[in-house]
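J.: The file below is target05.csv, CSV, C-alpha atoms and all ligand atoms:
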```
chain,number,residue,atom,x,y,z
A,12,MET,CA,-5.5,-19.6,22.3
A,13,VAL,CA,-2.6,-17.9,24.0
A,14,SER,CA,-2.4,-17.4,27.8
A,15,PRO,CA,-5.0,-14.8,28.8
A,16,LYS,CA,-2.2,-13.1,30.7
A,17,TYR,CA,-0.6,-12.1,27.4
A,18,HIS,CA,-3.6,-9.8,26.7
A,19,ARG,CA,-1.8,-7.4,29.1
A,20,VAL,CA,0.9,-7.0,26.4
A,21,GLU,CA,0.0,-4.3,23.9
A,22,PHE,CA,-1.5,-6.0,20.9
A,23,GLY,CA,-2.1,-9.0,23.1
A,24,SER,CA,-2.4,-12.1,21.0
A,25,THR,CA,-1.6,-10.2,17.8
A,26,LEU,CA,1.9,-9.6,19.1
A,27,VAL,CA,2.2,-13.2,20.2
A,28,ARG,CA,0.9,-14.5,16.8
A,29,ALA,CA,3.2,-12.1,15.0
A,30,LEU,CA,6.3,-13.3,16.8
A,31,HIS,CA,5.5,-16.9,16.7
A,32,GLY,CA,2.6,-17.6,14.3
A,33,PRO,CA,-0.1,-20.2,14.7
A,34,THR,CA,1.1,-23.6,15.5
A,35,THR,CA,-0.3,-26.8,16.8
A,36,THR,CA,2.9,-28.0,18.3
A,37,ASP,CA,4.2,-27.3,21.8
A,38,PRO,CA,7.9,-26.4,21.6
A,39,TYR,CA,8.2,-26.1,25.3
A,40,GLU,CA,9.3,-29.6,26.2
A,41,GLU,CA,10.0,-30.7,29.7
A,42,HIS,CA,13.8,-30.9,28.9
A,43,MET,CA,16.3,-28.3,28.1
A,44,THR,CA,15.6,-27.2,24.5
A,45,VAL,CA,16.8,-24.7,22.0
A,46,ASN,CA,14.6,-23.6,19.1
A,47,THR,CA,16.9,-23.2,16.1
A,48,GLN,CA,14.1,-22.4,13.8
A,49,PRO,CA,15.3,-19.4,11.7
A,50,VAL,CA,13.3,-16.2,12.1
A,51,ALA,CA,12.9,-16.2,8.3
A,52,ASP,CA,10.9,-19.5,8.5
A,53,ARG,CA,8.5,-18.1,11.0
A,54,PRO,CA,5.1,-16.6,10.0
A,55,ASP,CA,5.3,-13.1,8.7
A,56,PRO,CA,4.1,-10.6,11.4
A,57,ARG,CA,2.3,-8.7,8.6
A,58,ALA,CA,-0.2,-11.5,8.5
A,59,PHE,CA,-1.1,-10.4,12.0
A,60,GLY,CA,-1.3,-6.7,11.5
A,61,LEU,CA,2.3,-5.7,12.3
A,62,PRO,CA,4.1,-4.1,9.4
A,63,VAL,CA,7.6,-5.4,8.7
A,64,VAL,CA,10.3,-3.1,7.2
A,65,GLU,CA,13.3,-4.9,5.7
A,66,GLN,CA,16.5,-3.1,6.9
A,67,ASP,CA,17.5,-2.3,3.3
A,68,GLN,CA,14.1,-0.6,2.8
A,69,ILE,CA,15.1,2.2,5.2
A,70,PRO,CA,16.1,5.0,2.9
A,71,ASP,CA,19.7,6.2,3.1
A,72,GLU,CA,18.3,9.7,3.5
A,73,LEU,CA,16.4,8.6,6.7
A,74,ARG,CA,19.5,6.9,8.1
A,75,SER,CA,21.4,10.1,7.5
A,76,LEU,CA,18.7,12.2,9.0
A,77,VAL,CA,18.6,10.0,12.1
A,78,ALA,CA,22.4,10.4,12.5
A,79,GLY,CA,22.0,14.1,12.0
A,80,VAL,CA,19.3,14.5,14.6
A,81,ARG,CA,21.4,12.4,17.0
A,82,SER,CA,24.2,14.9,16.5
A,83,LEU,CA,21.7,17.8,17.0
A,84,VAL,CA,20.6,16.3,20.3
A,85,GLU,CA,24.2,16.1,21.4
A,86,ALA,CA,24.8,19.7,20.3
A,87,VAL,CA,21.7,20.9,22.1
A,88,ALA,CA,22.5,19.1,25.3
A,89,ASP,CA,25.9,20.7,25.5
A,90,THR,CA,25.4,24.1,23.8
A,91,GLU,CA,26.4,27.4,25.4
A,92,ALA,CA,25.2,29.4,22.4
A,93,ASP,CA,23.8,32.9,23.0
A,94,PRO,CA,20.0,33.3,23.5
A,95,ALA,CA,19.5,35.0,20.1
A,96,THR,CA,21.1,32.0,18.3
A,97,LEU,CA,19.1,29.6,20.5
A,98,ALA,CA,15.9,31.3,19.5
A,99,GLU,CA,16.8,31.2,15.8
A,100,VAL,CA,17.7,27.5,15.9
A,101,ASP,CA,14.6,26.7,18.0
A,102,GLU,CA,12.4,28.3,15.3
A,103,THR,CA,14.2,26.4,12.5
A,104,VAL,CA,13.9,23.1,14.3
A,105,ARG,CA,10.2,23.6,14.9
A,106,ALA,CA,9.7,24.4,11.2
A,107,LEU,CA,11.6,21.3,10.2
A,108,THR,CA,9.6,19.2,12.6
A,109,ASP,CA,6.4,20.3,11.0
A,110,ARG,CA,7.8,19.5,7.6
A,111,ILE,CA,8.6,15.9,8.3
A,112,ALA,CA,5.8,15.1,10.7
A,113,THR,CA,3.9,12.9,8.3
A,114,GLY,CA,2.0,11.1,11.1
A,115,PRO,CA,3.4,8.3,13.3
A,116,ARG,CA,4.3,4.9,12.0
A,117,GLN,CA,2.1,2.2,13.3
A,118,VAL,CA,3.1,1.3,16.8
A,119,GLY,CA,4.7,-2.1,16.7
A,120,THR,CA,6.3,-1.7,13.3
A,121,MET,CA,9.1,-4.3,13.0
A,122,VAL,CA,12.4,-4.2,11.2
A,123,ARG,CA,14.0,-7.4,9.9
A,124,ARG,CA,17.8,-7.1,10.3
A,125,THR,CA,20.3,-9.6,9.0
A,126,MET,CA,23.3,-10.1,11.2
A,127,ALA,CA,26.8,-10.5,9.7
A,128,ASP,CA,26.5,-14.3,10.0
A,129,GLY,CA,23.2,-14.3,8.1
A,130,THR,CA,21.0,-14.6,11.2
A,131,ASP,CA,17.8,-12.7,10.8
A,132,GLU,CA,16.4,-10.8,13.8
A,133,LEU,CA,13.1,-9.0,14.1
A,134,GLY,CA,12.9,-6.0,16.4
A,135,THR,CA,10.8,-2.9,16.7
A,136,ILE,CA,12.0,-0.2,14.3
A,137,THR,CA,12.0,2.5,17.0
A,138,ASN,CA,13.5,0.2,19.8
A,139,ILE,CA,15.1,2.6,22.2
A,140,VAL,CA,18.5,0.8,22.3
A,141,ALA,CA,18.8,-0.6,18.8
A,142,GLY,CA,16.0,0.9,16.6
A,143,PRO,CA,17.5,2.1,13.3
A,144,THR,CA,15.0,5.0,12.9
A,145,ASN,CA,15.2,6.2,16.5
A,146,PRO,CA,17.6,9.1,17.0
A,147,ALA,CA,17.3,8.5,20.7
A,148,ALA,CA,18.8,5.0,20.3
A,149,PRO,CA,22.7,4.9,20.5
A,150,PRO,CA,22.2,2.6,18.4
A,151,LEU,CA,23.6,-0.7,19.6
A,152,GLU,CA,24.1,-3.2,16.7
A,153,LEU,CA,24.6,-6.7,17.9
A,154,GLU,CA,26.1,-9.6,16.0
A,155,ARG,CA,25.9,-13.3,16.6
A,156,VAL,CA,28.7,-14.9,18.6
A,157,GLU,CA,28.9,-18.4,20.0
A,158,GLY,CA,26.0,-18.7,22.5
A,159,GLY,CA,24.6,-15.3,22.0
A,160,VAL,CA,25.3,-11.8,20.6
A,161,GLN,CA,27.9,-9.0,21.0
A,162,GLY,CA,28.3,-5.5,19.8
A,163,THR,CA,30.2,-2.3,20.4
A,164,VAL,CA,28.8,1.1,21.2
A,165,THR,CA,30.2,4.5,22.3
A,166,LEU,CA,28.0,6.8,24.3
A,167,SER,CA,28.2,10.6,24.5
A,168,THR,CA,27.1,13.0,27.2
A,169,THR,CA,23.4,12.5,26.3
A,170,TYR,CA,23.8,9.2,28.2
A,171,GLN,CA,25.5,10.7,31.2
A,172,GLY,CA,24.7,9.9,34.8
A,173,PRO,CA,27.6,10.7,37.1
A,174,PRO,CA,30.3,13.0,35.7
A,175,GLY,CA,31.9,11.4,32.7
A,176,LEU,CA,30.0,8.1,33.3
A,177,VAL,CA,27.1,6.3,31.7
A,178,HIS,CA,23.8,6.5,33.6
A,179,GLY,CA,23.1,3.3,35.4
A,180,GLY,CA,19.7,3.0,33.9
A,181,TRP,CA,21.2,3.0,30.4
A,182,ILE,CA,23.7,0.4,31.4
A,183,ALA,CA,20.7,-1.8,32.4
A,184,ALA,CA,19.1,-0.9,29.1
A,185,LEU,CA,22.1,-2.0,27.0
A,186,LEU,CA,22.3,-5.3,29.0
A,187,ASP,CA,18.5,-5.9,28.7
A,188,GLN,CA,18.8,-5.5,24.9
A,189,ALA,CA,21.8,-7.9,24.8
A,190,VAL,CA,20.2,-10.6,26.9
A,191,GLY,CA,16.9,-10.2,25.0
A,192,SER,CA,18.6,-10.5,21.7
A,193,ALA,CA,20.7,-13.4,22.7
A,194,SER,CA,17.7,-15.3,24.0
A,195,GLY,CA,15.8,-14.4,20.8
A,196,VAL,CA,18.4,-15.6,18.4
A,197,GLU,CA,19.4,-18.7,20.4
A,198,THR,CA,15.9,-19.8,21.3
A,199,SER,CA,12.9,-17.6,20.4
A,200,PRO,CA,11.7,-14.1,21.3
A,201,GLY,CA,10.5,-13.4,24.8
A,202,LEU,CA,10.1,-10.8,27.5
A,203,THR,CA,12.5,-9.9,30.3
A,204,ALA,CA,11.1,-11.2,33.6
A,205,LYS,CA,14.1,-10.5,35.7
A,206,LEU,CA,17.2,-8.5,35.2
A,207,GLU,CA,19.9,-8.2,37.9
A,208,VAL,CA,22.7,-5.8,37.2
A,209,ASN,CA,25.9,-5.7,39.1
A,210,TYR,CA,27.8,-2.4,38.6
A,211,ARG,CA,31.4,-3.5,39.1
A,212,ASN,CA,33.3,-0.5,37.8
A,213,PRO,CA,32.4,2.9,36.4
A,214,THR,CA,31.3,2.8,32.7
A,215,PRO,CA,33.0,5.6,30.8
A,216,LEU,CA,31.5,7.9,28.2
A,217,PHE,CA,33.3,8.4,24.8
A,218,THR,CA,34.9,4.9,25.2
A,219,PRO,CA,33.9,1.9,23.0
A,220,LEU,CA,31.8,-0.4,25.2
A,221,GLU,CA,31.7,-4.1,24.3
A,222,VAL,CA,28.2,-5.4,25.1
A,223,THR,CA,27.6,-9.2,25.3
A,224,GLY,CA,24.7,-11.5,26.0
A,225,LYS,CA,24.9,-15.2,26.2
A,226,VAL,CA,22.3,-17.9,26.9
A,227,VAL,CA,23.3,-20.0,29.9
A,228,ARG,CA,20.5,-22.5,29.9
A,229,THR,CA,16.9,-23.0,28.8
A,230,GLU,CA,14.1,-24.6,30.8
A,231,ARG,CA,10.7,-24.8,29.1
A,232,ARG,CA,9.8,-21.1,28.4
A,233,LYS,CA,12.5,-19.9,30.8
A,234,VAL,CA,15.8,-18.7,29.3
A,235,TYR,CA,18.6,-17.8,31.7
A,236,VAL,CA,21.0,-15.4,30.1
A,237,SER,CA,24.2,-13.6,31.2
A,238,GLY,CA,25.4,-10.2,30.0
A,239,TRP,CA,28.5,-8.1,30.3
A,240,ILE,CA,29.7,-4.6,29.4
A,241,ARG,CA,33.4,-4.2,29.0
A,242,ALA,CA,35.4,-1.0,28.6
A,243,ASN,CA,39.1,-1.3,27.7
A,244,GLY,CA,38.8,-5.0,28.4
A,245,GLN,CA,37.6,-4.5,31.9
A,246,VAL,CA,34.1,-5.6,33.0
A,247,THR,CA,32.2,-2.6,34.1
A,248,ALA,CA,28.8,-4.2,34.6
A,249,GLU,CA,27.3,-7.7,34.4
A,250,ALA,CA,23.8,-9.0,34.4
A,251,GLU,CA,21.9,-12.2,35.1
A,252,ALA,CA,18.6,-12.3,33.4
A,253,LEU,CA,15.5,-14.5,33.1
A,254,MET,CA,13.7,-14.2,29.8
A,255,ILE,CA,10.3,-15.8,29.3
A,256,ARG,CA,9.7,-17.0,25.8
A,257,VAL,CA,6.4,-15.8,24.4
A,258,PRO,CA,4.0,-18.8,24.4
A,259,MET,CA,3.0,-20.5,21.2
A,260,GLU,CA,-0.6,-20.8,20.2
A,261,GLU,CA,-2.0,-24.0,21.5
A,262,GLY,CA,-4.1,-24.7,18.4
B,301,LIG,C1,13.2,-10.3,19.5
B,301,LIG,C2,14.3,-9.4,19.1
B,301,LIG,C3,15.2,-8.9,20.2
B,301,LIG,C4,14.5,-7.9,21.0
B,301,LIG,C5,15.3,-7.6,22.3
B,301,LIG,C6,14.5,-6.8,23.2
B,301,LIG,C7,15.1,-6.7,24.5
B,301,LIG,C8,14.3,-5.9,25.4
B,301,LIG,C9,13.5,-6.8,26.3
B,301,LIG,C10,12.5,-6.0,27.1
B,301,LIG,O1,12.8,-4.9,27.5
B,301,LIG,S1,11.1,-6.8,27.5
B,301,LIG,C11,10.2,-5.5,28.4
B,301,LIG,C12,10.3,-5.6,29.9
B,301,LIG,N1,9.6,-6.8,30.4
B,301,LIG,C13,8.3,-6.8,30.5
B,301,LIG,O2,7.6,-5.9,30.2
B,301,LIG,C14,7.7,-8.1,31.0
B,301,LIG,C15,6.5,-7.9,31.9
B,301,LIG,N2,6.1,-9.2,32.5
B,301,LIG,C16,5.3,-10.0,31.8
B,301,LIG,O3,4.7,-9.7,30.8
B,301,LIG,C17,5.1,-11.4,32.4
B,301,LIG,O4,5.2,-11.3,33.8
B,301,LIG,C18,6.0,-12.4,31.8
B,301,LIG,C19,5.9,-12.5,30.3
B,301,LIG,C20,7.5,-12.1,32.1
B,301,LIG,C21,5.7,-13.8,32.4
B,301,LIG,O5,4.3,-14.0,32.4
B,301,LIG,P1,3.7,-15.4,31.9
B,301,LIG,O6,2.3,-15.4,32.3
B,301,LIG,O7,4.0,-15.6,30.4
B,301,LIG,O8,4.5,-16.5,32.7
B,301,LIG,P2,4.0,-17.6,33.6
B,301,LIG,O9,3.4,-17.1,34.8
B,301,LIG,O10,3.1,-18.6,32.7
B,301,LIG,O11,5.3,-18.4,34.0
B,301,LIG,C22,6.1,-19.1,33.0
B,301,LIG,C23,7.3,-19.6,33.8
B,301,LIG,O12,8.2,-18.5,34.0
B,301,LIG,C24,8.4,-18.3,35.5
B,301,LIG,N3,8.3,-16.8,35.7
B,301,LIG,C25,7.5,-15.9,35.1
B,301,LIG,N4,7.8,-14.7,35.5
B,301,LIG,C26,8.8,-14.8,36.4
B,301,LIG,C27,9.5,-13.9,37.2
B,301,LIG,N5,9.3,-12.6,37.1
B,301,LIG,N6,10.5,-14.4,38.0
B,301,LIG,C28,10.8,-15.7,38.0
B,301,LIG,N7,10.1,-16.6,37.3
B,301,LIG,C29,9.2,-16.2,36.5
B,301,LIG,C30,7.1,-19.0,36.1
B,301,LIG,O13,7.4,-19.4,37.4
B,301,LIG,C31,7.0,-20.2,35.2
B,301,LIG,O14,8.0,-21.1,35.5
B,301,LIG,P3,7.8,-22.7,35.3
B,301,LIG,O15,7.9,-23.0,33.9
B,301,LIG,O16,9.0,-23.3,36.1
B,301,LIG,O17,6.5,-23.0,35.9
```
Please re-express this file's structure in structure tokens.
T.:
Amino acid sequence: MVSPKYHRVEFGSTLVRALHGPTTTDPYEEHMTVNTQPVADRPDPRAFGLPVVEQDQIPDELRSLVAGVRSLVEAVADTEADPATLAEVDETVRALTDRIATGPRQVGTMVRRTMADGTDELGTITNIVAGPTNPAAPPLELERVEGGVQGTVTLSTTYQGPPGLVHGGWIAALLDQAVGSASGVETSPGLTAKLEVNYRNPTPLFTPLEVTGKVVRTERRKVYVSGWIRANGQVTAEAEALMIRVPMEEG
């Protein structure tokens, strides 16, 4: 059985089993350890009730729609159109919403993404930072680098906090994703227990942001990870995170 505490997590043991699968071995040795077991070799989350969509099963039409809606959101956020035009567009958008509202996907639906180096990563398909079907996600696509992951993203005014700058909460969200993904690919999936963000310089909108997460050390289920956001080569924010790997079944 998994730790009873994990029943606080939505889907409780189902999520744990989906991420890790049943096992009779304890991977959390008393020494520093890295789990290099590829995601592809892990049990299929479908066996535990969580659907898995392969990234290439997402129709091009849906990817295009997601990008279009993202543009729509940006246009709405910044529009100064006249009220008559706004009313007309509002009506059209509502009609379109009714047309595609086929009922929600199952909460917890996963997508399996293959990084450029061949590393497979499972994440929720609507993940707010990286989910490929979520128009509210920037999205941030991370690739494997030595010790972790890295990706580049450019944010528009829908991520604005102070004038011309990225909202601090979103900076934390980008870093959380990077440290979580780094921990997931370098060890095994877990949850963020602690995330300390140091905002060193303003993070600009409309500028490519390099987002990095790297595992520093692993101690039993604890994974210590560092993260950085850089704009024009300058660190704008850095993070120190503690990820707790989801416990395996004990048998
Ligand atoms: C996979 C694909 C990539 C996806 C990337 C996604 C990135 C996004 C990541 C997130 O946003 S996660 C969502 C935000 N985080 C949460 O919702 C977590 C909420 N907290 C919890 O569910 C639990 O508190 C937690 C899982 C973090 C820990 O609970 P456990 O019951 O599993 O831990 P336990 O009490 O058994 O402690 C295990 C070890 O961790 C340590 N620990 C646990 N929580 C800690 C904490 N908060 N601070 C410091 N140490 C902590 C604890 O002391 C102990 O250390 P030792 O091994 O040395 O004894």
J.: Near segment 144-146 of chain A, within 6 Å and counting all atoms listed in the file, which residues show up once chain neighbours fewer than 6 positions away are dropped, as a short mmCIF file (atom, residue, chain, number, x, y, z; two decimals) with C-alpha atoms, keeping the file's coordinate frame?
T.:
```
data_model
loop_
_atom_site.label_atom_id
_atom_site.label_comp_id
_atom_site.auth_asym_id
_atom_site.auth_seq_id
_atom_site.Cartn_x
_atom_site.Cartn_y
_atom_site.Cartn_z
CA VAL A 77 18.60 10.00 12.10
CA ARG A 81 21.40 12.40 17.00
CA THR A 137 12.00 2.50 17.00
#
```
J.: For chain A against ligand LIG 301 (chain B), with a cut-off of 6 Å and counting all atoms listed in the file, what is the closest atom pair and its distance in Å to one decimal for every residue that makes the cut, ordered by chain and number, as JSON lines?
T.:
```
{"residue": "A:Lys16", "atom": "CA", "partner": "B:LIG301", "partner_atom": "O6", "distance": 5.3}
{"residue": "A:Glu132", "atom": "CA", "partner": "B:LIG301", "partner_atom": "C2", "distance": 5.9}
{"residue": "A:Leu133", "atom": "CA", "partner": "B:LIG301", "partner_atom": "C2", "distance": 5.2}
{"residue": "A:Gly134", "atom": "CA", "partner": "B:LIG301", "partner_atom": "C2", "distance": 4.6}
{"residue": "A:Asp187", "atom": "CA", "partner": "B:LIG301", "partner_atom": "C8", "distance": 5.3}
{"residue": "A:Gln188", "atom": "CA", "partner": "B:LIG301", "partner_atom": "C7", "distance": 3.9}
{"residue": "A:Gly191", "atom": "CA", "partner": "B:LIG301", "partner_atom": "C7", "distance": 4.0}
{"residue": "A:Ser192", "atom": "CA", "partner": "B:LIG301", "partner_atom": "C3", "distance": 4.0}
{"residue": "A:Gly195", "atom": "CA", "partner": "B:LIG301", "partner_atom": "C1", "distance": 5.0}
{"residue": "A:Pro200", "atom": "CA", "partner": "B:LIG301", "partner_atom": "C1", "distance": 4.5}
{"residue": "A:Leu202", "atom": "CA", "partner": "B:LIG301", "partner_atom": "S1", "distance": 4.1}
{"residue": "A:Thr203", "atom": "CA", "partner": "B:LIG301", "partner_atom": "N1", "distance": 4.2}
{"residue": "A:Ala204", "atom": "CA", "partner": "B:LIG301", "partner_atom": "C20", "distance": 4.0}
{"residue": "A:Lys205", "atom": "CA", "partner": "B:LIG301", "partner_atom": "N5", "distance": 5.4}
{"residue": "A:Arg231", "atom": "CA", "partner": "B:LIG301", "partner_atom": "O15", "distance": 5.8}
{"residue": "A:Lys233", "atom": "CA", "partner": "B:LIG301", "partner_atom": "O12", "distance": 5.5}
{"residue": "A:Ile255", "atom": "CA", "partner": "B:LIG301", "partner_atom": "C20", "distance": 5.4}
```
J.: Please, what distance in Å, to one decimal, runs between atom CA of Val226 of chain A and atom CA of Thr165 of chain A?
T.: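 If I compute the distance from atom CA of Val226 of chain A to atom CA of Thr165 of chain A, I get 24.2 Å.
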J.: Taking all atoms listed in the file into account, which of A:Gly201, A:Pro143, A:Pro150, A:Gly119 comes nearest Pro62 of chain A?
T.: A:Gly119
J.: Between A:Ile136, A:Thr96, A:Ala127, A:Gly114, single out the one closest to Val64 of chain A, counting all atoms listed in the file.
T.: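 With all atoms listed in the file as the atom set, the closest residue is A:Ile136.
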J.: Out of A:Val156, A:Leu216, A:Leu185, A:Met254, which residue has the shortest atom-to-atom distance to Arg232 of chain A when counting only C-alpha atoms?
T.: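 That would be A:Met254, the residue with the smallest distance to Arg232 of chain A.
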J.: When distances are computed from all atoms listed in the file, which of A:Gly162, A:Val80, A:Gly244, A:Leu61 shows the smallest separation from Val122 of chain A?
T.: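 Nearest candidate to Val122 of chain A out of A:Gly162, A:Val80, A:Gly244, A:Leu61: A:Leu61.
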J.: If we count all atoms listed in the file, what is near Asn243 of chain A at a cut-off of 10 Å, once residues fewer than 4 positions away on the same chain are taken out, given as a list in words?
T.: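 Here the answer would be Pro215, Thr218, Pro219, Leu220, Glu221 and Thr247 of chain A.
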J.: What is the distance, in Å and to one decimal place, between atom CA of Met126 of chain A and atom CA of Ser82 of chain A?
T.: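 These two atoms are separated by 25.6 Å.
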J.: Between atom CA of Glu157 of chain A and atom CA of Gly142 of chain A, measure the distance and give it in Å to one decimal.
T.: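 Computing it gives 23.5 Å between the two atoms.
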